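Chemist: One file: protein29.tsv (TSV, C-alpha atoms).
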```tsv
chain	number	residue	atom	x	y	z
A	24	MET	CA	-32.00	-50.76	29.68
A	25	ARG	CA	-35.05	-52.98	30.24
A	26	GLU	CA	-33.16	-55.16	32.70
A	27	TYR	CA	-32.10	-52.04	34.59
A	28	ILE	CA	-35.75	-50.91	34.83
A	29	LYS	CA	-36.79	-54.35	36.03
A	30	ARG	CA	-33.99	-54.49	38.61
A	31	SER	CA	-34.88	-50.99	39.88
A	32	LEU	CA	-38.54	-51.98	40.26
A	33	MET	CA	-37.60	-55.15	42.10
A	34	GLU	CA	-35.39	-53.19	44.50
A	35	SER	CA	-38.20	-50.69	45.05
A	36	TYR	CA	-40.68	-53.45	45.90
A	37	ASN	CA	-38.15	-55.17	48.14
A	38	LEU	CA	-37.68	-51.89	50.04
A	39	SER	CA	-41.41	-51.21	50.42
A	40	ALA	CA	-42.46	-54.82	51.09
A	41	SER	CA	-42.95	-54.37	54.84
A	42	VAL	CA	-45.36	-51.43	54.39
A	43	TYR	CA	-46.95	-52.30	51.03
A	44	ASP	CA	-50.26	-53.53	52.48
A	45	GLN	CA	-50.62	-50.38	54.59
A	46	LEU	CA	-49.87	-48.10	51.64
A	47	TYR	CA	-51.83	-49.84	48.88
A	48	GLY	CA	-54.08	-52.43	50.51
A	49	GLU	CA	-57.33	-50.49	50.15
A	50	GLU	CA	-56.65	-49.52	46.55
A	51	GLN	CA	-55.77	-53.10	45.64
A	52	GLU	CA	-58.85	-54.42	47.47
A	53	ALA	CA	-61.12	-52.25	45.28
A	54	LYS	CA	-59.56	-53.75	42.13
A	55	TYR	CA	-59.92	-57.29	43.45
A	56	VAL	CA	-63.57	-56.77	44.33
A	57	GLU	CA	-64.28	-55.36	40.87
A	58	GLY	CA	-62.35	-58.10	39.07
A	59	LEU	CA	-63.85	-60.95	41.09
A	60	ARG	CA	-67.33	-59.50	40.64
A	61	MET	CA	-66.98	-59.89	36.87
A	62	THR	CA	-65.08	-63.19	36.86
A	63	PRO	CA	-66.76	-66.57	36.48
A	64	PRO	CA	-66.44	-68.61	39.72
A	65	VAL	CA	-62.99	-70.00	40.45
A	66	ASN	CA	-64.21	-72.78	42.73
A	67	ASP	CA	-62.06	-75.91	42.52
A	68	LEU	CA	-59.86	-74.44	39.78
A	69	VAL	CA	-56.13	-73.88	39.44
A	70	VAL	CA	-55.40	-70.13	39.42
A	71	LEU	CA	-52.34	-67.90	39.19
A	72	ASP	CA	-51.82	-64.47	40.68
A	73	ALA	CA	-49.06	-63.04	38.45
A	74	GLY	CA	-47.38	-60.22	40.33
A	75	CYS	CA	-48.82	-61.46	43.62
A	76	GLY	CA	-46.80	-59.11	45.81
A	77	SER	CA	-47.62	-59.63	49.48
A	78	GLY	CA	-50.41	-62.11	48.73
A	79	LEU	CA	-53.46	-59.87	49.26
A	80	LEU	CA	-55.43	-61.49	46.42
A	81	LEU	CA	-54.22	-65.01	47.26
A	82	GLU	CA	-55.72	-64.63	50.73
A	83	LYS	CA	-59.12	-64.21	49.04
A	84	LEU	CA	-58.62	-66.97	46.48
A	85	SER	CA	-57.20	-69.64	48.79
A	86	GLY	CA	-60.58	-70.63	50.21
A	87	LEU	CA	-62.16	-70.91	46.77
A	88	THR	CA	-59.70	-72.76	44.58
A	89	SER	CA	-58.12	-76.19	44.55
A	90	LEU	CA	-54.71	-74.57	43.97
A	91	ALA	CA	-53.70	-70.90	44.02
A	92	VAL	CA	-50.18	-70.01	42.86
A	93	GLY	CA	-48.52	-66.64	43.28
A	94	ILE	CA	-45.52	-65.46	41.27
A	95	ASP	CA	-43.55	-62.27	41.92
A	96	PHE	CA	-40.02	-61.08	41.21
A	97	SER	CA	-39.62	-59.50	44.66
A	98	GLU	CA	-38.17	-62.00	47.13
A	99	LYS	CA	-39.22	-59.87	50.09
A	100	MET	CA	-42.82	-59.63	48.88
A	101	ILE	CA	-42.94	-63.42	48.46
A	102	LYS	CA	-41.46	-63.83	51.94
A	103	ILE	CA	-44.26	-61.67	53.40
A	104	ALA	CA	-46.90	-63.55	51.41
A	105	ARG	CA	-45.56	-66.90	52.65
A	106	SER	CA	-45.62	-65.68	56.25
A	107	LYS	CA	-49.28	-64.61	55.93
A	108	ILE	CA	-50.61	-67.61	54.01
A	109	LYS	CA	-49.70	-71.06	55.26
A	110	LEU	CA	-52.18	-73.26	53.42
A	111	GLU	CA	-51.52	-76.46	51.50
A	112	ASN	CA	-53.40	-75.24	48.43
A	113	VAL	CA	-51.30	-72.07	48.04
A	114	ALA	CA	-47.83	-72.05	46.44
A	115	PHE	CA	-45.36	-69.25	45.77
A	116	VAL	CA	-42.75	-68.83	43.05
A	117	ILE	CA	-40.09	-66.15	42.71
A	118	GLY	CA	-40.05	-65.37	39.02
A	119	ASP	CA	-40.55	-63.00	36.12
A	120	ILE	CA	-43.99	-62.61	34.53
A	121	GLU	CA	-42.32	-62.02	31.15
A	122	ASN	CA	-40.87	-65.54	31.27
A	123	MET	CA	-42.93	-67.69	33.64
A	124	PRO	CA	-41.66	-71.13	34.70
A	125	PHE	CA	-44.95	-72.94	34.04
A	126	LYS	CA	-45.97	-75.41	31.37
A	127	ASN	CA	-48.37	-74.45	28.61
A	128	ASP	CA	-52.09	-74.74	29.43
A	129	THR	CA	-51.61	-75.00	33.22
A	130	PHE	CA	-54.08	-72.54	34.75
A	131	ASN	CA	-57.86	-72.06	34.53
A	132	THR	CA	-57.64	-68.38	35.50
A	133	VAL	CA	-54.73	-65.92	35.59
A	134	PHE	CA	-54.99	-62.69	37.59
A	135	MET	CA	-52.68	-59.77	36.73
A	136	PHE	CA	-53.55	-56.81	38.94
A	137	THR	CA	-51.32	-53.72	38.89
A	138	VAL	CA	-48.46	-55.54	37.22
A	139	ILE	CA	-48.62	-54.77	33.49
A	140	ASN	CA	-47.64	-51.15	34.17
A	141	ASN	CA	-44.51	-52.42	35.96
A	142	THR	CA	-43.13	-54.57	33.18
A	143	PRO	CA	-40.85	-53.23	30.45
A	144	LYS	CA	-42.48	-55.66	27.97
A	145	PRO	CA	-46.25	-55.69	28.61
A	146	LEU	CA	-47.02	-57.63	25.42
A	147	GLN	CA	-44.52	-60.33	26.44
A	148	ALA	CA	-46.14	-60.63	29.88
A	149	LEU	CA	-49.63	-60.91	28.36
A	150	SER	CA	-48.40	-63.46	25.82
A	151	GLU	CA	-47.00	-65.51	28.69
A	152	ALA	CA	-50.39	-65.38	30.41
A	153	TRP	CA	-51.99	-66.62	27.18
A	154	ARG	CA	-49.44	-69.46	26.94
A	155	ILE	CA	-50.00	-70.79	30.46
A	156	LEU	CA	-53.81	-70.46	30.39
A	157	LYS	CA	-55.89	-73.45	29.41
A	158	GLY	CA	-58.18	-73.06	26.40
A	159	GLY	CA	-61.40	-71.53	27.66
A	160	GLY	CA	-59.53	-69.99	30.60
A	161	TYR	CA	-59.86	-66.42	31.82
A	162	LEU	CA	-57.41	-63.58	32.23
A	163	VAL	CA	-58.38	-60.94	34.79
A	164	VAL	CA	-56.07	-57.98	34.24
A	165	SER	CA	-55.85	-54.35	35.29
A	166	PHE	CA	-54.14	-51.45	33.54
A	167	LEU	CA	-53.30	-48.36	35.56
A	168	LYS	CA	-55.15	-45.41	34.01
A	169	LYS	CA	-52.23	-43.03	34.49
A	170	THR	CA	-49.98	-45.40	32.49
A	171	PHE	CA	-52.29	-46.71	29.74
A	172	THR	CA	-55.23	-45.36	27.79
A	173	GLU	CA	-58.20	-47.65	27.31
A	174	ASP	CA	-57.29	-48.00	23.61
A	175	GLU	CA	-53.70	-48.97	24.48
A	176	ALA	CA	-54.89	-51.58	26.98
A	177	GLU	CA	-57.30	-53.11	24.48
A	178	MET	CA	-54.69	-53.06	21.72
A	179	LEU	CA	-52.29	-55.03	23.97
A	180	LEU	CA	-54.99	-57.55	24.88
A	181	ASN	CA	-55.99	-58.06	21.25
A	182	ALA	CA	-52.36	-58.35	20.15
A	183	SER	CA	-51.84	-61.12	22.72
A	184	ARG	CA	-54.85	-63.05	21.30
A	185	PHE	CA	-57.32	-62.51	24.14
A	186	GLU	CA	-61.01	-61.90	23.59
A	187	ILE	CA	-62.28	-59.14	25.86
A	188	ILE	CA	-65.58	-60.26	27.38
A	189	ASN	CA	-66.10	-57.64	30.09
A	190	ARG	CA	-64.50	-54.48	31.42
A	191	SER	CA	-64.90	-51.92	34.15
A	192	CYS	CA	-63.31	-48.50	34.24
A	193	GLU	CA	-65.39	-46.42	36.65
A	194	LYS	CA	-64.78	-47.77	40.16
A	195	THR	CA	-60.98	-47.90	40.42
A	196	ASN	CA	-57.80	-46.18	39.24
A	197	ASP	CA	-57.43	-48.99	36.71
A	198	TYR	CA	-59.18	-50.40	33.69
A	199	VAL	CA	-60.14	-53.93	34.74
A	200	TYR	CA	-60.70	-56.51	31.98
A	201	ILE	CA	-61.99	-60.07	31.90
A	202	CYS	CA	-60.62	-61.85	28.84
A	203	LEU	CA	-61.06	-65.30	27.38
A	204	LYS	CA	-58.48	-67.58	25.83
A	205	LYS	CA	-60.55	-69.20	23.14
A	206	PRO	CA	-59.89	-72.91	22.84
A	207	PHE	CA	-58.52	-74.01	19.48
A	208	TYR	CA	-60.49	-76.47	17.46
A	209	PHE	CA	-58.84	-78.17	14.55
A	210	THR	CA	-61.06	-79.60	11.86
A	211	PRO	CA	-59.64	-82.22	9.53
A	212	GLN	CA	-59.44	-81.19	5.88
```
Starting from the file, give its structure as structure tokens.

Modeler:
Amino acid sequence: MREYIKRSLMESYNLSASVYDQLYGEEQEAKYVEGLRMTPPVNDLVVLDAGCGSGLLLEKLSGLTSLAVGIDFSEKMIKIARSKIKLENVAFVIGDIENMPFKNDTFNTVFMFTVINNTPKPLQALSEAWRILKGGGYLVVSFLKKTFTEDEAEMLLNASRFEIINRSCEKTNDYVYICLKKPFYFTPQ
């Protein structure tokens, strides 16, 4: 059933890829502005936009970071993103955010805007973000208000081991959170 849902979503995004920016660009822009306002600077860092779609956020990040990577399961969205952004410090991957093809502790910051509501396993997707983030790295994530309550969003973030350090829920249709992956320190016994 979950694979069917995922496949249906992918087909839907493939069908709407050519008009996505026109339909949702302004709404997405408001989330990006809010998330970036609360996020520590990403200058010279390695960042991931999980669920990058047509690359709207990557266009903003590309001038700030040393490497910006976008992952999305929609081939047509990735194709549009690649056609818009032709920079050496931006890379694209077709893949599933519930099982990302990246090594542990790869990214300084992971962005997940308007993607958790589209995954059948939100906890799995957030756990993957935790896995690929470096210790001390940040997750910037949004939860669509019509899909999640604030309590549900925070329960998912806590269950995936993130520390919530900031949130905004007034300016967009989403709850936007900035979370920290605390580095582990082992002390000898």

Chemist: Between A:Ala73, A:Ala91, A:Leu180, A:Leu81, single out the one closest to Asn141 in chain A, counting all atoms listed in the file.

Modeler: A:Ala73

Chemist: When distances are computed from all atoms listed in the file, which of A:Glu49, A:Glu82, A:Asp95, A:Glu111 shows the smallest separation from Thr142 in chain A?

Modeler: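 The shortest atom-to-atom distance to Thr142 in chain A comes from A:Asp95.
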
Chemist: With only C-alpha atoms as the atoms that count, which of A:Lys194, A:Lys102, A:Arg30, A:Arg154 lies nearest to Glu57 in chain A?

Modeler: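 Residue with the minimum atom-to-atom distance to Glu57 in chain A: A:Lys194.
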
Chemist: Find the residues around range 198-207 of chain A up to 9 Å (all atoms listed in the file counted), leave out those fewer than 6 positions away in its own chain, and share them as a short mmCIF file (atom, residue, chain, number, x, y, z; two decimals) with C-alpha atoms, in the coordinates of the input.

Modeler:
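Output (around-v1.cif):
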```cif
data_model
loop_
_atom_site.label_atom_id
_atom_site.label_comp_id
_atom_site.auth_asym_id
_atom_site.auth_seq_id
_atom_site.Cartn_x
_atom_site.Cartn_y
_atom_site.Cartn_z
CA LYS A 54 -59.56 -53.75 42.13
CA GLU A 57 -64.28 -55.36 40.87
CA GLY A 58 -62.35 -58.10 39.07
CA MET A 61 -66.98 -59.89 36.87
CA THR A 62 -65.08 -63.19 36.86
CA PHE A 136 -53.55 -56.81 38.94
CA TRP A 153 -51.99 -66.62 27.18
CA LEU A 156 -53.81 -70.46 30.39
CA LYS A 157 -55.89 -73.45 29.41
CA GLY A 158 -58.18 -73.06 26.40
CA GLY A 159 -61.40 -71.53 27.66
CA GLY A 160 -59.53 -69.99 30.60
CA TYR A 161 -59.86 -66.42 31.82
CA LEU A 162 -57.41 -63.58 32.23
CA VAL A 163 -58.38 -60.94 34.79
CA VAL A 164 -56.07 -57.98 34.24
CA SER A 165 -55.85 -54.35 35.29
CA PHE A 166 -54.14 -51.45 33.54
CA LEU A 167 -53.30 -48.36 35.56
CA LYS A 168 -55.15 -45.41 34.01
CA PHE A 171 -52.29 -46.71 29.74
CA THR A 172 -55.23 -45.36 27.79
CA GLU A 173 -58.20 -47.65 27.31
CA ALA A 176 -54.89 -51.58 26.98
CA GLU A 177 -57.30 -53.11 24.48
CA LEU A 180 -54.99 -57.55 24.88
CA ARG A 184 -54.85 -63.05 21.30
CA PHE A 185 -57.32 -62.51 24.14
CA GLU A 186 -61.01 -61.90 23.59
CA ILE A 187 -62.28 -59.14 25.86
CA ILE A 188 -65.58 -60.26 27.38
CA ASN A 189 -66.10 -57.64 30.09
CA ARG A 190 -64.50 -54.48 31.42
CA SER A 191 -64.90 -51.92 34.15
CA CYS A 192 -63.31 -48.50 34.24
#
```

Chemist: Out of A:Leu68, A:Thr137, A:Ile155, A:Phe115, which residue has the shortest atom-to-atom distance to Asn196 in chain A when counting only C-alpha atoms?

Modeler: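 With only C-alpha atoms as the atom set, the closest residue is A:Thr137.
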
Chemist: For CA of Thr195 in chain A and CA of Ala53 in chain A, quote the distance in Å rounded to one decimal.

Modeler: 6.5 Å

Chemist: When you draw a straight line from CA of Tyr55 in chain A to CA of Cys75 in chain A, how long is it in Å?

Modeler: 11.9 Å

Chemist: Just the number, please: distance in Å from CA of Lys99 in chain A to CA of Asn131 in chain A, one decimal.

Modeler: 27.2 Å

Chemist: May I have the residues within 8 Å of Asp67 in chain A as a list in words, using only C-alpha atoms and disregarding those fewer than 2 positions away in the same chain?

Modeler: Val65, Val69, Leu87, Thr88, Ser89 and Leu90 of chain A

Chemist: With C-alpha atoms kept, could you save the residues just selected as a PDB file, in the coordinates of the input?

Modeler:
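In the end it all went to out-v3.pdb:
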```
ATOM      1  CA  VAL A  65     -62.990 -70.000  40.450  1.00  0.00           C
ATOM      2  CA  VAL A  69     -56.130 -73.880  39.440  1.00  0.00           C
ATOM      3  CA  LEU A  87     -62.160 -70.910  46.770  1.00  0.00           C
ATOM      4  CA  THR A  88     -59.700 -72.760  44.580  1.00  0.00           C
ATOM      5  CA  SER A  89     -58.120 -76.190  44.550  1.00  0.00           C
ATOM      6  CA  LEU A  90     -54.710 -74.570  43.970  1.00  0.00           C
TER       7      LEU A  90
END
```
